[in-house]
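The block underneath contains the structure these notes are about, expressed in structure tokens.
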Amino acid sequence: MKLFILTFFFALSLQAKVTVAFLELRNYYGDLIQLEQGGRFAHMAISYKGQWLHAHPLKGVEVVSEEKLKKIGQIKETIELPEVEEISEQQAAQYLGKPFDNNYSWTDDAIYCAELVGKLLNIRPTPMSFDASFWPDQYKALNGKLGLSPDDIFQILSNRAK
């Protein structure tokens, strides 16, 4: 019986993995929303207890079902990270309920989607660029400040998998 229980828990631990979802968003006319030149993704989320942890622009950091995540945009890519332990309740609790960061700063006062995933996966921020036509002029002042975009994280995680 002990062997069965140990085998069962070992199998569960092998199944436990972190998955990151990358979403495409489209405007009213069906055009792809690009946050940066040549970018594909405007939102992202990370798996948490069979659901998704993300930073919603209106609701802040929350846990949602896949159905609710798909109402935001289309999940176009997922990257599984079997080497990364599942997000713990303690890790999630650091961010849950925090407001969305419209200033895209790398502080913990407010959080944006790529910042949330980057911090949970220990991905270092890089200088940001807000030159795309999507961004209003006031965001150009943030050029060069440290942060991450969904496309940055997609590239980093894709390169890790190779």
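Ordering of the structure tokens sets the chain letters (A, B, ...), residue numbers begin anew at 1 in every chain, and ligands are numbered from 1 in the order given.
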
(request) Please provide as a PyMOL selection string all residues within 10 Å of A:Lys119, with the sequence filter that same-chain residues fewer than 3 positions apart are discarded (counting only C-alpha atoms). (result) chain A and resi 91+106+108+111+114-116+122-125+148

(message) Quick one: residues within 12 Å of A:Lys70, only C-alpha atoms, excluding same-chain residues fewer than 3 positions away - as a PyMOL selection string?
(response) chain A and resi 21-25+43-45+51-52+64-67+73-76

Restrict the selected residues to N, CA and C atoms and save them as a short mmCIF file (atom, residue, chain, number, x, y, z; two decimals), in the first residue's frame.
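Contents of part-v7.cif, freshly written:
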data_model
loop_
_atom_site.label_atom_id
_atom_site.label_comp_id
_atom_site.auth_asym_id
_atom_site.auth_seq_id
_atom_site.Cartn_x
_atom_site.Cartn_y
_atom_site.Cartn_z
N ALA A 21 0.59 31.13 -20.74
CA ALA A 21 -0.27 31.34 -21.90
C ALA A 21 -0.02 32.74 -22.47
N PHE A 22 0.06 32.82 -23.78
CA PHE A 22 0.28 34.08 -24.49
C PHE A 22 -0.94 34.36 -25.35
N LEU A 23 -1.53 35.53 -25.16
CA LEU A 23 -2.78 35.87 -25.82
C LEU A 23 -2.62 36.96 -26.87
N GLU A 24 -3.30 36.77 -27.98
CA GLU A 24 -3.44 37.82 -28.98
C GLU A 24 -4.73 38.55 -28.68
N LEU A 25 -4.69 39.85 -28.79
CA LEU A 25 -5.88 40.68 -28.64
C LEU A 25 -6.11 41.43 -29.95
N HIS A 43 -1.22 40.13 -24.03
CA HIS A 43 -1.56 39.71 -22.67
C HIS A 43 -0.97 38.33 -22.43
N MET A 44 -0.83 38.00 -21.13
CA MET A 44 -0.33 36.68 -20.77
C MET A 44 -0.80 36.31 -19.38
N ALA A 45 -0.71 35.02 -19.08
CA ALA A 45 -1.12 34.50 -17.77
C ALA A 45 -0.25 33.29 -17.45
N GLN A 51 -6.05 26.81 -12.84
CA GLN A 51 -6.64 28.00 -13.42
C GLN A 51 -5.52 28.91 -13.92
N TRP A 52 -5.81 30.18 -14.09
CA TRP A 52 -4.82 31.12 -14.60
C TRP A 52 -4.71 32.33 -13.68
N VAL A 64 -8.40 33.26 -12.68
CA VAL A 64 -9.59 33.06 -13.51
C VAL A 64 -9.54 31.69 -14.18
N SER A 65 -10.70 31.23 -14.61
CA SER A 65 -10.78 29.99 -15.38
C SER A 65 -10.25 30.24 -16.78
N GLU A 66 -9.99 29.17 -17.50
CA GLU A 66 -9.53 29.32 -18.88
C GLU A 66 -10.63 29.97 -19.73
N GLU A 67 -11.88 29.64 -19.43
CA GLU A 67 -13.00 30.25 -20.16
C GLU A 67 -12.99 31.77 -20.02
N GLY A 73 -8.84 37.46 -24.72
CA GLY A 73 -8.18 37.32 -26.01
C GLY A 73 -8.00 35.86 -26.35
N GLN A 74 -7.44 35.61 -27.48
CA GLN A 74 -7.23 34.24 -27.95
C GLN A 74 -5.88 33.73 -27.48
N ILE A 75 -5.89 32.59 -26.80
CA ILE A 75 -4.63 31.96 -26.40
C ILE A 75 -4.00 31.39 -27.67
N LYS A 76 -2.90 32.01 -28.11
CA LYS A 76 -2.26 31.60 -29.35
C LYS A 76 -1.07 30.66 -29.12
#

(request) Tell me, in Å to one decimal, how far atom CA of A:Arg26 is from atom CA of A:Lys59. (result) 19.7 Å

(request) List the neighbours of A:Gly97 out to 8 Å using only C-alpha atoms; skip same-chain residues closer than 5 positions along the sequence, and give me the result as a PyMOL selection string. (result) chain A and resi 60-62

Emit the selected residues as a JSON list (two decimals), in the first residue's frame, including N, CA and C atoms.
[["chain", "number", "residue", "atom", "x", "y", "z"],
["A", 60, "GLY", "N", -7.17, 44.08, -11.77],
["A", 60, "GLY", "CA", -5.91, 43.80, -11.09],
["A", 60, "GLY", "C", -5.55, 42.33, -11.14],
["A", 61, "VAL", "N", -4.70, 41.90, -10.22],
["A", 61, "VAL", "CA", -4.22, 40.52, -10.22],
["A", 61, "VAL", "C", -5.31, 39.61, -9.66],
["A", 62, "GLU", "N", -5.66, 38.61, -10.45],
["A", 62, "GLU", "CA", -6.73, 37.70, -10.09],
["A", 62, "GLU", "C", -6.48, 36.30, -10.66]]

(request) Please return as a ChimeraX atom specification: the residues of chain A that backbone DSSP assigns to strand (DSSP E). (result) /A:18-24,43-48,51-56,60-64,74-81,126-127,146-147

(message) Please extract the residues of chain A with a backbone DSSP assignment of helix (DSSP H, G or I) and present them as a PyMOL selection string.
(response) chain A and resi 2-15+66-72+89-93+113-120+137-142+150-161

How would the residues just picked look written out with C-alpha atoms as a PDB file, in the first residue's frame?
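Saved result, selection16.pdb, follows:
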ATOM      1  CA  LYS A   2       2.833   2.406   0.844  1.00  0.00           C
ATOM      2  CA  LEU A   3       4.375   1.768  -2.555  1.00  0.00           C
ATOM      3  CA  PHE A   4       1.077   2.645  -4.265  1.00  0.00           C
ATOM      4  CA  ILE A   5       0.762   5.909  -2.328  1.00  0.00           C
ATOM      5  CA  LEU A   6       4.359   6.890  -3.052  1.00  0.00           C
ATOM      6  CA  THR A   7       3.930   6.044  -6.743  1.00  0.00           C
ATOM      7  CA  PHE A   8       0.693   8.055  -6.869  1.00  0.00           C
ATOM      8  CA  PHE A   9       2.280  11.169  -5.346  1.00  0.00           C
ATOM      9  CA  PHE A  10       5.387  10.804  -7.524  1.00  0.00           C
ATOM     10  CA  ALA A  11       3.160  10.637 -10.617  1.00  0.00           C
ATOM     11  CA  LEU A  12       1.262  13.723  -9.465  1.00  0.00           C
ATOM     12  CA  SER A  13       4.499  15.633  -8.986  1.00  0.00           C
ATOM     13  CA  LEU A  14       5.578  14.708 -12.500  1.00  0.00           C
ATOM     14  CA  GLN A  15       2.308  16.050 -13.884  1.00  0.00           C
ATOM     15  CA  GLU A  66      -9.534  29.318 -18.883  1.00  0.00           C
ATOM     16  CA  GLU A  67     -12.996  30.247 -20.155  1.00  0.00           C
ATOM     17  CA  LYS A  68     -12.722  33.706 -18.602  1.00  0.00           C
ATOM     18  CA  LEU A  69      -9.156  34.135 -19.850  1.00  0.00           C
ATOM     19  CA  LYS A  70     -10.326  33.388 -23.390  1.00  0.00           C
ATOM     20  CA  LYS A  71     -12.863  36.216 -23.103  1.00  0.00           C
ATOM     21  CA  ILE A  72      -9.920  38.631 -22.903  1.00  0.00           C
ATOM     22  CA  GLU A  89      -0.136  29.968  -2.519  1.00  0.00           C
ATOM     23  CA  GLN A  90       2.509  32.112  -0.830  1.00  0.00           C
ATOM     24  CA  GLN A  91       3.905  33.273  -4.184  1.00  0.00           C
ATOM     25  CA  ALA A  92       0.438  34.058  -5.551  1.00  0.00           C
ATOM     26  CA  ALA A  93      -0.620  35.824  -2.346  1.00  0.00           C
ATOM     27  CA  CYS A 113       0.726  40.930 -16.747  1.00  0.00           C
ATOM     28  CA  ALA A 114       4.296  40.446 -17.985  1.00  0.00           C
ATOM     29  CA  GLU A 115       5.702  41.826 -14.747  1.00  0.00           C
ATOM     30  CA  LEU A 116       3.677  39.257 -12.778  1.00  0.00           C
ATOM     31  CA  VAL A 117       4.898  36.333 -14.867  1.00  0.00           C
ATOM     32  CA  GLY A 118       8.452  37.678 -15.016  1.00  0.00           C
ATOM     33  CA  LYS A 119       8.671  38.024 -11.248  1.00  0.00           C
ATOM     34  CA  LEU A 120       7.164  34.578 -10.613  1.00  0.00           C
ATOM     35  CA  ASP A 137       2.837  59.959 -26.410  1.00  0.00           C
ATOM     36  CA  GLN A 138       3.099  60.107 -22.597  1.00  0.00           C
ATOM     37  CA  TYR A 139       4.430  56.510 -22.554  1.00  0.00           C
ATOM     38  CA  LYS A 140       7.487  57.495 -24.592  1.00  0.00           C
ATOM     39  CA  ALA A 141       8.908  58.914 -21.346  1.00  0.00           C
ATOM     40  CA  LEU A 142       9.130  55.293 -20.121  1.00  0.00           C
ATOM     41  CA  PRO A 150       4.612  39.397 -23.229  1.00  0.00           C
ATOM     42  CA  ASP A 151       6.700  39.160 -26.421  1.00  0.00           C
ATOM     43  CA  ASP A 152       9.932  39.494 -24.391  1.00  0.00           C
ATOM     44  CA  ILE A 153       8.912  36.615 -22.136  1.00  0.00           C
ATOM     45  CA  PHE A 154       7.766  34.497 -25.092  1.00  0.00           C
ATOM     46  CA  GLN A 155      11.180  34.919 -26.707  1.00  0.00           C
ATOM     47  CA  ILE A 156      13.064  34.160 -23.479  1.00  0.00           C
ATOM     48  CA  LEU A 157      11.028  31.035 -22.712  1.00  0.00           C
ATOM     49  CA  SER A 158      11.144  29.838 -26.326  1.00  0.00           C
ATOM     50  CA  ASN A 159      14.940  30.111 -26.300  1.00  0.00           C
ATOM     51  CA  ARG A 160      15.113  28.145 -23.026  1.00  0.00           C
ATOM     52  CA  ALA A 161      13.178  25.288 -24.583  1.00  0.00           C
TER      53      ALA A 161
END

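Residues surrounding A:Glu36 within 10 Å are Phe41, Ala42, Met128, Ser129, Phe130, Asp131, Ala132, Ser133, Phe134, Trp135, Ser149, Pro150, Asp151 and Asp152 of chain A [only C-alpha atoms; sequence separation below 5 positions excluded].
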
Keeping only C-alpha atoms, take the residues you just selected and write them out as an mmCIF file, in the first residue's frame.
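Final file, result03.cif:
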data_model
loop_
_atom_site.group_PDB
_atom_site.id
_atom_site.type_symbol
_atom_site.label_atom_id
_atom_site.label_comp_id
_atom_site.auth_asym_id
_atom_site.auth_seq_id
_atom_site.Cartn_x
_atom_site.Cartn_y
_atom_site.Cartn_z
ATOM 1 C CA PHE A 41 1.030 39.155 -27.787
ATOM 2 C CA ALA A 42 -0.801 41.779 -25.766
ATOM 3 C CA MET A 128 11.470 48.793 -22.505
ATOM 4 C CA SER A 129 10.350 50.507 -25.683
ATOM 5 C CA PHE A 130 7.012 52.302 -26.053
ATOM 6 C CA ASP A 131 7.484 53.457 -29.644
ATOM 7 C CA ALA A 132 4.686 51.453 -31.247
ATOM 8 C CA SER A 133 1.725 53.342 -32.639
ATOM 9 C CA PHE A 134 -0.442 51.708 -29.952
ATOM 10 C CA TRP A 135 1.062 53.795 -27.143
ATOM 11 C CA SER A 149 6.495 42.597 -22.399
ATOM 12 C CA PRO A 150 4.612 39.397 -23.229
ATOM 13 C CA ASP A 151 6.700 39.160 -26.421
ATOM 14 C CA ASP A 152 9.932 39.494 -24.391
#

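In this model, the gap between atom CA of A:Phe100 and atom CA of A:Leu53 comes to 12.9 Å.
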
(message) Would you pick out the contacts of A:Thr19 at 6 Å or less, using only C-alpha atoms, so that residues sharing its chain but fewer than 6 positions from it are not included, and give the list as a list in words?
(response) Ile46, Ser47, Ile79, Glu80 and Leu81 of chain A

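Each of A:Val63, A:Leu146, A:Val84, A:Ile33 was checked against A:Thr107 using only C-alpha atoms; the smallest atom-to-atom distance is that of A:Leu146.
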
(message) For a test of reading the model, state the distance in Å between atom CA of A:Asn103 and atom CA of A:Asn143, rounded to one decimal.
(response) 11.6 Å
